[in-house]
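Following: one structure in structure tokens, then a few remarks.
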Amino acid sequence: KQQEKKMKVQATIVICLFYLITATLCLQWSDEQQKTLDISTFPVPGNGMSMHYAQFDIMSSFNHKNFAWTTMTIQIVDPITKQVIPSSEIYNHHVLVLNDGQTDIWCKIPDGSLFTQTIVSAAGSDYTPITLPRPNIYPVYNSTANWVFSWHIINYQNQTRNVTLQLVFTFFVFTNDSDLPQGSIPVRTMFITSEPNCDSEFDVPGNNTPSNVFVRSRIHVSPVSGNIVYALGHLHRGGIYQQLIINDHVVCDAVSIYENGWIKQGGAGVCGNLTIRLNVGDFVNDLVVYNNTNHITEAMGLFLVYIQVDQAPSASSTITPTNAPTNSNSNSNSNSNRPSISPTSTFVPVPPPPTQIITVDGSSDMTVKVISILCLCLLLIMIALVLVVVNFNNRMYRMMRANYSTDFTLN
């Protein structure tokens with residue numbers, strides 16, 4: 001009887017542990033939702049462009065509650081069908097998403113003070129989705145400030161076309177930081193460009209020599225320390241590749257992917273699941289390489305970097321560099337399309353988009369079902385394991401009881 005009682009207690013403990021583990025894993029991320037927002041619908045003239053911006057009351061879409069996003073995609077869609085428009089028809093030169101309610105930690109204006117806006121996300125013709133590696137999240141706290149969407153959209157067709165700028169992301173709503181999934185880590189952005197003061201555009205001169213490449217490089221002195229977890233590259237047509245270099249070490253090698261002369265989804269690519277340490281005073285270089293055959297205006301080469309910040313600058317702080325490398329622009333006549341420096345981290349291509357785009361009109365919510373299905377499967381596995389353990393204990397108990405009865409009879 002004592003052995004029977006002991007086995008029942010053990011079985012009860014095992015069952016409780018399994019249920020506890022299952023509940024912990026499921027509940028941590030079960031509140032993740034997906035939202036699709038139509039930011040603005042506007043006409044783009046035939047063989048012309050739309051360069052404009054729109055302010056969007058993002059907090060109203062969340063009933064003025066704090067939220068933290070984990071994935072975000074910016075795309076240009078047809079206003080009626082809601083399908084993504086191919087880059088060969090409508091070319092997304094760039095879209096920047098800025099939060100008016102948060103001071104930046106990286107970009108400074110010419111007088112040395114930090115931007116009063118921070119860049120939340122960005123995209124170009126590649127429509128590169130941003131997926132923060134878990135357990136990283138990007139928290140947004142309730143404020144009266146708007147988000148600003150700044151775009152440069154080009155129409156290569158003859159007729160004017162109406163388009164819709166759309167934002168798709170997954171997120172959690174939370175009241176206090178303690179409501180966030182256990183172990184989640186907040187991140188901020190650094191907008192690293194090859195130009196001063198976070199300007200992102202430059203011209204490629206072009207000299208009609210196919211073997212030539214144009215290399216642009218700018219060294220920044222980091223005012224921030226923390227762990228870099230994600231870096232997203234962005235180039236325009238003509239861009240070959242770019243490298244994010246910290247203290248002479250390549251930490252992200254982003255290569256353009258072309259299809260029929262257009263940068264396809266994935267664009268300059270993304271380096272995910274990084275664990276790169278950045279310290280205050282480190283040298284950060286955005287090295288950009290373009291095809292120099294033709295003259296290119298308003299080229300871009302930038303990295304949007306997400307970092308777990310443990311030290312950020314104040315609005316008036318300055319960092320004085322010592323022995324800083326030299327910024328440079330150069331034309332290379334080498335037949336090689338890559339400089340001698342080699343990457344020290346693996347290039348991770350962006351996964352393809354889902355074959356079916358989930359669209360929700362306006363700002364309505366839709367709970368992500370995948371997590372619930374996974375949790376259900378995990379729960380079933382846990383139940384099966386519990387049944388196996390209980391059955392094993394019962395068999396052991398019956399064997400021991402039979403042996404005990406036999407011994408008793410013999411005695």
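Identifiers in the structure tokens: chain A, B, ... in order shown; residue index from 1 per chain; ligand index from 1 in order shown.
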Please identify all polymer residues within 12 Å of Asn162 in chain A, counting only C-alpha atoms, omitting same-chain residues fewer than 4 positions from it, and present them as a VMD selection string. chain A and resid 40 to 46 49 to 50 76 to 82 85 89 to 90 153 to 155 157
With only C-alpha atoms as the basis for distance, which of A:Val140, A:Val204, A:Ile192, A:Ile39 is at the shortest distance from Glu298 in chain A?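 Closest to Glu298 in chain A, using only C-alpha atoms: A:Val204.
Of the listed residues (A:Gln242, A:Leu232, A:Asn197, A:Gly48), A:Asn197 comes nearest to Asp111 in chain A; the distances count only C-alpha atoms.
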Can you tell me, as a VMD selection string, what residues are no more than 7 Å from range 284-293 of chain A when counting only C-alpha atoms, ignoring any on the same chain fewer than 4 positions away? chain A and resid 192 to 194 204 to 210 212 to 222 238 to 247 301 to 302
Suppose we keep C-alpha atoms; can you now write the selection as a tab-separated table (two decimals), in the first residue's frame?
chain	number	residue	atom	x	y	z
A	192	ILE	CA	22.61	53.01	-40.63
A	193	THR	CA	23.31	54.65	-43.99
A	194	SER	CA	26.26	55.50	-46.20
A	204	VAL	CA	26.06	56.62	-58.83
A	205	PRO	CA	28.11	58.49	-61.49
A	206	GLY	CA	28.15	55.78	-64.20
A	207	ASN	CA	30.94	55.50	-66.78
A	208	ASN	CA	29.56	52.94	-69.27
A	209	THR	CA	32.20	50.39	-68.32
A	210	PRO	CA	30.51	47.09	-67.45
A	212	ASN	CA	33.25	48.89	-63.04
A	213	VAL	CA	31.60	49.01	-59.66
A	214	PHE	CA	30.93	52.05	-57.52
A	215	VAL	CA	31.78	51.64	-53.84
A	216	ARG	CA	30.42	53.96	-51.19
A	217	SER	CA	31.44	53.72	-47.55
A	218	ARG	CA	30.80	55.73	-44.41
A	219	ILE	CA	32.11	55.14	-40.90
A	220	HIS	CA	29.84	55.96	-37.95
A	221	VAL	CA	30.90	56.02	-34.31
A	222	SER	CA	28.36	54.15	-32.23
A	238	GLY	CA	21.80	48.53	-59.84
A	239	GLY	CA	22.85	47.63	-56.32
A	240	ILE	CA	25.04	44.53	-56.15
A	241	TYR	CA	25.47	44.03	-52.44
A	242	GLN	CA	26.26	45.79	-49.19
A	243	GLN	CA	28.02	44.94	-45.96
A	244	LEU	CA	27.52	46.00	-42.38
A	245	ILE	CA	30.97	46.16	-40.83
A	246	ILE	CA	31.76	46.69	-37.14
A	247	ASN	CA	35.38	47.34	-36.23
A	301	GLY	CA	22.26	51.58	-49.48
A	302	LEU	CA	21.18	51.28	-45.87
Polymer residues at most 6 Å from range 275-278 of chain A, only C-alpha atoms, same-chain spacing of 6 or more positions, as a tab-separated table (two decimals) with C-alpha atoms, in the first residue's frame:
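Saved file around_23.tsv follows:
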chain	number	residue	atom	x	y	z
A	225	SER	CA	25.73	49.66	-26.78
A	226	GLY	CA	23.75	46.43	-26.87
A	227	ASN	CA	23.27	43.19	-28.78
A	228	ILE	CA	22.39	43.35	-32.48
A	229	VAL	CA	19.82	40.65	-33.28
Where does range 56-103 of chain A meet range 117-126 of chain A within 10 Å, residue by residue, with the nearest atom pair and distance in Å to one decimal for each, counting only C-alpha atoms, listed by chain and rising number, as a Markdown table?
| residue | atom | partner | partner_atom | distance |
| --- | --- | --- | --- | --- |
| A:Met72 | CA | A:Ser121 | CA | 7.8 |
| A:Thr73 | CA | A:Ala123 | CA | 7.9 |
| A:Ile74 | CA | A:Ala123 | CA | 6.1 |
| A:Gln75 | CA | A:Ala123 | CA | 7.9 |
| A:Ile76 | CA | A:Ser125 | CA | 9.1 |
| A:Pro86 | CA | A:Ser125 | CA | 8.8 |
| A:Ser87 | CA | A:Ser125 | CA | 6.1 |
| A:Ser88 | CA | A:Ser125 | CA | 9.5 |
| A:Ile90 | CA | A:Ser125 | CA | 8.7 |
| A:Tyr91 | CA | A:Ser125 | CA | 5.8 |
| A:Asn92 | CA | A:Ser125 | CA | 4.5 |
| A:His93 | CA | A:Gly124 | CA | 5.5 |
| A:His94 | CA | A:Gly124 | CA | 4.3 |
| A:Val95 | CA | A:Ala123 | CA | 5.3 |
| A:Leu96 | CA | A:Ala122 | CA | 4.5 |
| A:Val97 | CA | A:Ser121 | CA | 5.1 |
| A:Leu98 | CA | A:Ile119 | CA | 4.3 |
| A:Asn99 | CA | A:Thr118 | CA | 5.4 |
| A:Asp100 | CA | A:Gln117 | CA | 4.8 |
| A:Gly101 | CA | A:Gln117 | CA | 6.7 |
| A:Gln102 | CA | A:Gln117 | CA | 5.6 |
| A:Thr103 | CA | A:Gln117 | CA | 5.1 |
Please identify all polymer residues within 7 Å of Phe202 in chain A, counting only C-alpha atoms, omitting same-chain residues fewer than 4 positions from it, and present them as a PyMOL selection string. chain A and resi 297-300
Kindly export the residues of the current selection with C-alpha atoms, as a compact mmCIF listing (two decimals), in the first residue's frame.
# COMPACT_ATOMS: atom_id res chain seq x y z
CA THR A 297 20.07 58.97 -59.29
CA GLU A 298 18.71 58.60 -55.77
CA ALA A 299 20.40 55.28 -55.15
CA MET A 300 20.19 53.85 -51.64
